[in-house]
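Text of the file target-v4.json, holding JSON, C-alpha atoms and all ligand atoms:
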```json
[["chain", "number", "residue", "atom", "x", "y", "z"],
["V", 1, "MET", "CA", -36.57, 43.77, -1.30],
["V", 2, "SER", "CA", -33.53, 41.57, -0.90],
["V", 3, "ARG", "CA", -31.30, 40.78, -3.82],
["V", 4, "LEU", "CA", -30.84, 37.20, -2.59],
["V", 5, "PRO", "CA", -34.18, 36.08, -1.20],
["V", 6, "GLU", "CA", -34.02, 32.40, -2.26],
["V", 7, "ILE", "CA", -32.31, 31.17, 0.90],
["V", 8, "PHE", "CA", -35.30, 32.24, 2.96],
["V", 9, "LYS", "CA", -37.80, 30.34, 0.84],
["V", 10, "LEU", "CA", -39.36, 27.21, 2.23],
["V", 11, "ASN", "CA", -40.93, 24.69, -0.12],
["V", 12, "THR", "CA", -44.05, 23.46, 1.62],
["V", 13, "PHE", "CA", -45.17, 20.95, -1.02],
["V", 14, "GLU", "CA", -45.19, 18.15, 1.56],
["V", 15, "LEU", "CA", -47.85, 19.90, 3.64],
["V", 16, "PRO", "CA", -51.34, 18.79, 2.58],
["V", 17, "ARG", "CA", -53.61, 21.77, 1.94],
["V", 18, "ARG", "CA", -56.27, 20.51, 4.31],
["V", 19, "ALA", "CA", -57.11, 22.48, 7.42],
["V", 20, "GLY", "CA", -55.58, 20.79, 10.46],
["V", 21, "GLU", "CA", -52.62, 19.17, 8.63],
["V", 22, "MET", "CA", -49.27, 19.89, 10.18],
["V", 23, "LYS", "CA", -45.62, 19.53, 9.28],
["V", 24, "GLU", "CA", -42.34, 20.43, 10.98],
["V", 25, "TYR", "CA", -39.21, 21.76, 9.32],
["V", 26, "GLU", "CA", -35.70, 22.45, 10.56],
["V", 27, "LEU", "CA", -33.80, 24.98, 8.52],
["V", 28, "ASP", "CA", -30.25, 26.28, 8.71],
["V", 29, "ILE", "CA", -30.14, 29.48, 6.73],
["V", 30, "GLU", "CA", -26.58, 30.50, 5.89],
["V", 31, "LEU", "CA", -26.57, 34.22, 5.32],
["V", 32, "LEU", "CA", -25.41, 35.79, 2.09],
["V", 33, "GLU", "CA", -25.96, 39.24, 3.50],
["V", 34, "LYS", "CA", -26.12, 40.35, 7.10],
["V", 35, "VAL", "CA", -29.37, 40.54, 9.02],
["V", 36, "GLY", "CA", -29.64, 43.07, 11.81],
["V", 37, "VAL", "CA", -29.19, 46.72, 12.55],
["V", 38, "GLU", "CA", -26.31, 48.98, 11.56],
["V", 39, "LEU", "CA", -23.98, 48.30, 14.50],
["V", 40, "ILE", "CA", -24.82, 44.71, 15.35],
["V", 41, "ALA", "CA", -26.05, 41.91, 13.10],
["V", 42, "VAL", "CA", -25.99, 38.24, 12.27],
["V", 43, "GLN", "CA", -23.07, 38.39, 9.87],
["V", 44, "VAL", "CA", -22.56, 36.97, 6.38],
["V", 45, "GLY", "CA", -21.74, 33.26, 6.54],
["V", 46, "GLU", "CA", -23.42, 32.85, 9.93],
["V", 47, "ILE", "CA", -26.39, 30.54, 10.35],
["V", 48, "ILE", "CA", -29.93, 31.36, 11.38],
["V", 49, "GLU", "CA", -31.54, 28.20, 12.74],
["V", 50, "VAL", "CA", -35.26, 27.95, 12.26],
["V", 51, "ASP", "CA", -37.45, 25.30, 13.87],
["V", 52, "ALA", "CA", -40.70, 25.77, 12.05],
["V", 53, "ARG", "CA", -44.08, 24.18, 12.41],
["V", 54, "LEU", "CA", -46.54, 24.70, 9.59],
["V", 55, "GLU", "CA", -50.23, 24.19, 9.95],
["V", 56, "SER", "CA", -52.77, 24.22, 7.16],
["V", 57, "VAL", "CA", -55.70, 26.45, 7.98],
["V", 58, "THR", "CA", -58.67, 27.39, 5.83],
["V", 59, "GLU", "CA", -57.26, 30.65, 4.50],
["V", 60, "GLY", "CA", -53.60, 29.67, 4.26],
["V", 61, "VAL", "CA", -50.67, 28.28, 6.20],
["V", 62, "LEU", "CA", -49.86, 29.23, 9.75],
["V", 63, "LEU", "CA", -46.15, 29.43, 10.53],
["V", 64, "SER", "CA", -44.92, 29.05, 14.10],
["V", 65, "ALA", "CA", -41.17, 29.11, 14.42],
["V", 66, "GLN", "CA", -38.36, 29.41, 16.90],
["V", 67, "ILE", "CA", -35.41, 31.39, 15.56],
["V", 68, "TYR", "CA", -31.86, 31.03, 16.87],
["V", 69, "ALA", "CA", -28.89, 33.10, 15.81],
["V", 70, "VAL", "CA", -25.92, 34.97, 17.20],
["V", 71, "ALA", "CA", -25.42, 38.60, 16.32],
["V", 72, "THR", "CA", -22.05, 40.27, 16.63],
["V", 73, "GLY", "CA", -20.94, 43.87, 16.65],
["V", 74, "GLU", "CA", -18.92, 46.38, 18.67],
["V", 75, "CYS", "CA", -19.61, 48.25, 21.89],
["V", 76, "ILE", "CA", -20.31, 51.85, 20.88],
["V", 77, "ARG", "CA", -18.34, 53.13, 23.89],
["V", 78, "CYS", "CA", -15.22, 50.96, 24.08],
["V", 79, "LEU", "CA", -15.29, 49.10, 20.73],
["V", 80, "ASP", "CA", -15.02, 45.70, 22.43],
["V", 81, "PRO", "CA", -16.77, 42.89, 20.57],
["V", 82, "VAL", "CA", -20.40, 42.40, 21.57],
["V", 83, "GLU", "CA", -22.30, 39.17, 21.03],
["V", 84, "ILE", "CA", -26.05, 38.81, 21.41],
["V", 85, "GLU", "CA", -27.86, 35.49, 21.28],
["V", 86, "ILE", "CA", -31.21, 35.63, 19.58],
["V", 87, "ASP", "CA", -33.87, 33.13, 20.55],
["V", 88, "LYS", "CA", -37.21, 34.39, 19.34],
["V", 89, "ARG", "CA", -40.57, 32.92, 18.56],
["V", 90, "ILE", "CA", -42.56, 34.10, 15.58],
["V", 91, "GLN", "CA", -46.03, 33.30, 14.36],
["V", 92, "GLU", "CA", -47.36, 34.43, 11.02],
["V", 93, "LEU", "CA", -50.25, 33.55, 8.78],
["V", 94, "TYR", "CA", -49.44, 33.18, 5.09],
["V", 95, "LEU", "CA", -52.56, 33.54, 3.00],
["V", 96, "TYR", "CA", -53.13, 31.54, -0.14],
["V", 97, "GLU", "CA", -52.75, 33.78, -3.13],
["V", 98, "GLN", "CA", -55.96, 35.54, -3.86],
["V", 99, "LYS", "CA", -57.53, 34.94, -7.21],
["V", 100, "PRO", "CA", -57.32, 38.05, -9.42],
["V", 101, "GLU", "CA", -61.10, 38.42, -9.71],
["V", 102, "ARG", "CA", -61.45, 38.48, -5.94],
["V", 103, "LYS", "CA", -58.84, 41.19, -5.70],
["V", 104, "LYS", "CA", -60.61, 43.25, -8.35],
["V", 105, "HIS", "CA", -63.83, 43.31, -6.35],
["V", 106, "ALA", "CA", -62.16, 44.07, -3.06],
["V", 107, "PRO", "CA", -62.79, 47.59, -1.81],
["V", 108, "VAL", "CA", -59.93, 50.04, -2.44],
["V", 109, "VAL", "CA", -59.34, 50.61, 1.29],
["V", 110, "ASP", "CA", -58.18, 46.99, 1.58],
["V", 111, "ASP", "CA", -55.08, 47.74, -0.48],
["V", 112, "LEU", "CA", -53.23, 49.06, 2.55],
["V", 113, "ASP", "CA", -53.80, 45.85, 4.48],
["V", 114, "ILE", "CA", -52.80, 43.68, 1.54],
["V", 115, "GLU", "CA", -49.37, 45.34, 1.54],
["V", 116, "ASP", "CA", -48.67, 43.93, 5.00],
["V", 117, "GLU", "CA", -50.09, 40.50, 4.34],
["V", 118, "LEU", "CA", -47.83, 37.55, 3.83],
["V", 119, "LEU", "CA", -48.82, 35.45, 0.85],
["V", 120, "MET", "CA", -47.95, 31.93, -0.20],
["V", 121, "ASP", "CA", -46.15, 31.87, -3.53],
["V", 122, "GLY", "CA", -47.53, 28.59, -4.82],
["V", 123, "ASP", "CA", -45.89, 26.01, -2.53],
["V", 124, "PHE", "CA", -43.27, 28.49, -1.40],
["V", 125, "MET", "CA", -43.27, 30.49, 1.78],
["V", 126, "ASP", "CA", -40.80, 33.38, 1.99],
["V", 127, "LEU", "CA", -39.58, 33.58, 5.57],
["V", 128, "GLU", "CA", -37.35, 36.58, 5.07],
["V", 129, "VAL", "CA", -39.60, 39.39, 6.29],
["V", 130, "PRO", "CA", -40.72, 37.84, 9.60],
["V", 131, "ILE", "CA", -37.22, 36.54, 10.39],
["V", 132, "ARG", "CA", -35.56, 39.83, 9.51],
["V", 133, "ASP", "CA", -38.14, 41.80, 11.51],
["V", 134, "SER", "CA", -37.85, 39.66, 14.61],
["V", 135, "ILE", "CA", -34.04, 39.76, 14.58],
["V", 136, "CYS", "CA", -33.86, 43.50, 13.95],
["V", 137, "LEU", "CA", -36.37, 44.18, 16.71],
["V", 138, "SER", "CA", -34.38, 42.14, 19.22],
["V", 139, "LEU", "CA", -31.13, 44.01, 18.62],
["V", 140, "PRO", "CA", -30.14, 47.30, 20.24],
["V", 141, "ASN", "CA", -29.35, 50.26, 17.99],
["V", 142, "ASN", "CA", -26.52, 51.19, 20.34],
["V", 143, "PRO", "CA", -24.88, 47.94, 21.47],
["V", 144, "LEU", "CA", -22.90, 47.99, 24.73],
["V", 145, "CYS", "CA", -20.48, 45.41, 26.16],
["V", 146, "SER", "CA", -22.19, 46.10, 29.49],
["V", 147, "ASP", "CA", -24.70, 48.69, 30.65],
["V", 148, "ASP", "CA", -22.10, 50.41, 32.82],
["V", 149, "CYS", "CA", -19.33, 50.42, 30.21],
["V", 150, "LEU", "CA", -17.27, 53.54, 30.89],
["V", 151, "GLY", "CA", -15.89, 53.79, 27.37],
["V", 152, "LEU", "CA", -12.52, 55.21, 26.44],
["V", 153, "CYS", "CA", -10.48, 58.16, 27.63],
["V", 154, "PRO", "CA", -10.88, 60.66, 24.78],
["V", 155, "GLU", "CA", -7.26, 61.80, 25.15],
["V", 156, "CYS", "CA", -5.38, 58.51, 24.95],
["V", 157, "GLY", "CA", -8.07, 56.05, 23.79],
["V", 158, "VAL", "CA", -7.41, 53.62, 26.66],
["V", 159, "LYS", "CA", -10.42, 52.04, 28.40],
["V", 160, "TRP", "CA", -11.39, 53.89, 31.58],
["V", 161, "ALA", "CA", -11.85, 50.49, 33.22],
["V", 162, "GLU", "CA", -8.13, 49.77, 32.73],
["V", 163, "LEU", "CA", -6.88, 53.19, 33.85],
["V", 164, "PRO", "CA", -6.15, 54.25, 37.43],
["V", 165, "GLN", "CA", -8.89, 56.25, 39.10],
["V", 166, "ASP", "CA", -6.87, 59.45, 39.07],
["V", 167, "HIS", "CA", -5.99, 59.10, 35.39],
["V", 168, "ALA", "CA", -5.86, 62.50, 33.73],
["V", 169, "HIS", "CA", -3.98, 64.29, 31.01],
["V", 170, "GLU", "CA", -2.30, 67.52, 31.96],
["V", 171, "VAL", "CA", -3.60, 70.31, 29.89],
["V", 172, "ILE", "CA", -0.68, 72.65, 29.57],
["V", 173, "ASP", "CA", -1.64, 76.28, 29.44],
["V", 174, "ALA", "CA", 0.07, 78.12, 26.58],
["V", 175, "ARG", "CA", 1.86, 80.49, 29.00],
["V", 176, "TRP", "CA", 3.31, 77.61, 30.99],
["V", 177, "ALA", "CA", 4.29, 75.88, 27.77],
["V", 178, "ASP", "CA", 6.55, 78.89, 27.00],
["V", 179, "LEU", "CA", 8.15, 78.64, 30.42],
["V", 180, "ALA", "CA", 8.69, 74.93, 29.92],
["V", 181, "GLY", "CA", 10.46, 75.75, 26.68],
["V", 182, "LEU", "CA", 12.74, 78.24, 28.47],
["V", 183, "ALA", "CA", 13.60, 75.67, 31.09],
["V", 184, "GLU", "CA", 14.68, 73.24, 28.40],
["V", 185, "GLU", "CA", 16.90, 75.88, 26.83],
["V", 186, "ALA", "CA", 18.36, 76.87, 30.18],
["V", 187, "PRO", "CA", 21.41, 74.53, 30.07],
["V", 188, "ASP", "CA", 22.58, 76.36, 26.92],
["V", 189, "PHE", "CA", 23.01, 79.58, 28.90],
["V", 190, "LYS", "CA", 25.51, 77.85, 31.16],
["V", 191, "ASN", "CA", 27.82, 77.01, 28.31],
["V", 201, "ZN", "ZN", -17.88, 48.75, 26.19],
["V", 202, "ZN", "ZN", -6.14, 59.05, 28.88]]
```

So, in terms of structure tokens, how does the structure I just supplied come out?
Ligand SMILES: [Zn+2]
Ligand SMILES: [Zn+2]
Amino acid sequence: MSRLPEIFKLNTFELPRRAGEMKEYELDIELLEKVGVELIAVQVGEIIEVDARLESVTEGVLLSAQIYAVATGECIRCLDPVEIEIDKRIQELYLYEQKPERKKHAPVVDDLDIEDELLMDGDFMDLEVPIRDSICLSLPNNPLCSDDCLGLCPECGVKWAELPQDHAHEVIDARWADLAGLAEEAPDFKN
């Protein structure tokens, strides 16, 4: 999936694999590639803060985490910078890796479900998919500086909000443009 997944990996070796055991982790993930949607994202070099609580359960490790980050982008109407604070809670169950023989006997229909399952990779838990999903889902595809942003005048590119109410560009009809040209030449006739 990602070319640089290591930064999202959490080593859980300190968490005893006994149901009911619990451990808390605070992570600052400095991004090597942006996380978000096309027009607004947590940018490269920015930090995603993760306050995670891991709990050993019979079938794996349950992750509960609060995710904080700030996404930045541009208003699609006026191109002003837009900033969105992300503060989301996620909860995911990471299953212990299944032994190959168990997988072999599993009915074929289960394969679809297995694709979506999060698995422990030994002691490691890859947080990328749930973090990426929760951030992407909390960002708008069409970011706006405000819901009633009026955007820009298409003629001059100035923000409508900064222009007088009667702002308009005269559209000069071709016939009148000719007359305007004659008027400019008029002084020459006098000489
Ligand atoms: Zn705007
Ligand atoms: Zn204008």

Inset, instruction - Work out how far apart CA of Cys145 in chain V and CA of Asp80 in chain V are and give it in Å to one decimal. - result: 6.6 Å

Legend entry - Shell of 9 Å around ligand ZN 202 (chain V) (all atoms listed in the file), written as a ChimeraX atom specification: /V:152-160,163,167-169

Legend entry - Nearest to Asp126 in chain V, chosen from V:Gln165, V:Ser64, V:Ser146, V:Asn11, with only C-alpha atoms counted in the distances: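 Result for the nearest residue to Asp126 in chain V: V:Asn11.
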
Inset, instruction - Could you tell me, counting only C-alpha atoms and all ligand atoms, which protein and nucleic acid residues lie no more than 9 Å from ligand ZN 201 (chain V), written as a PyMOL selection string? - result: chain V and resi 74-82+143-152+159

Legend entry - Residue among V:Tyr25, V:Val35, V:Arg18, V:Arg53 lying closest to Arg132 in chain V, counting only C-alpha atoms: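 Of V:Tyr25, V:Val35, V:Arg18, V:Arg53, the one nearest Arg132 in chain V is V:Val35, counting only C-alpha atoms.
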
Inset, instruction - Have a look at V:Glu162, V:Asp116, V:Glu30, V:Glu85 and name the one nearest to Phe8 in chain V; count only C-alpha atoms. - result: V:Glu30

Legend entry - Distance of CA of Ala41 in chain V from CA of Ser138 in chain V, expressed in Å to one decimal place: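 The value is 10.3 Å.
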
Write out as a short mmCIF file (atom, residue, chain, number, x, y, z; two decimals) with C-alpha atoms, keeping the file's coordinate frame the residues lying within 8 Å of Lys88 in chain V, counting only C-alpha atoms and excluding same-chain residues fewer than 6 positions away.
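The resulting part_20.cif:
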```cif
data_model
loop_
_atom_site.label_atom_id
_atom_site.label_comp_id
_atom_site.auth_asym_id
_atom_site.auth_seq_id
_atom_site.Cartn_x
_atom_site.Cartn_y
_atom_site.Cartn_z
CA GLN V 66 -38.36 29.41 16.90
CA ILE V 67 -35.41 31.39 15.56
CA TYR V 68 -31.86 31.03 16.87
CA SER V 134 -37.85 39.66 14.61
CA ILE V 135 -34.04 39.76 14.58
#
```

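Of the residues under consideration (V:Gly45, V:Gly60, V:Pro140, V:Gly73), V:Gly60 shows the shortest atom-to-atom contact distance to Met125 in chain V when counting all atoms listed in the file.
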
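Across the structure, CA of Leu63 in chain V and CA of Arg17 in chain V are spaced 13.7 Å apart.
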
Inset, instruction - Extract, using only C-alpha atoms, all DNA, RNA and protein residues at most 7 Å from Gly20 in chain V, discarding same-chain residues fewer than 5 positions from it, and format them as an MDAnalysis selection string. - result: chainID V and resid 55:57

Go ahead and dump the residues you just picked, C-alpha atoms, as a PDB file, in the frame of the given file.
```
ATOM      1  CA  GLU V  55     -50.230  24.190   9.950  1.00  0.00           C
ATOM      2  CA  SER V  56     -52.770  24.220   7.160  1.00  0.00           C
ATOM      3  CA  VAL V  57     -55.700  26.450   7.980  1.00  0.00           C
TER       4      VAL V  57
END
```
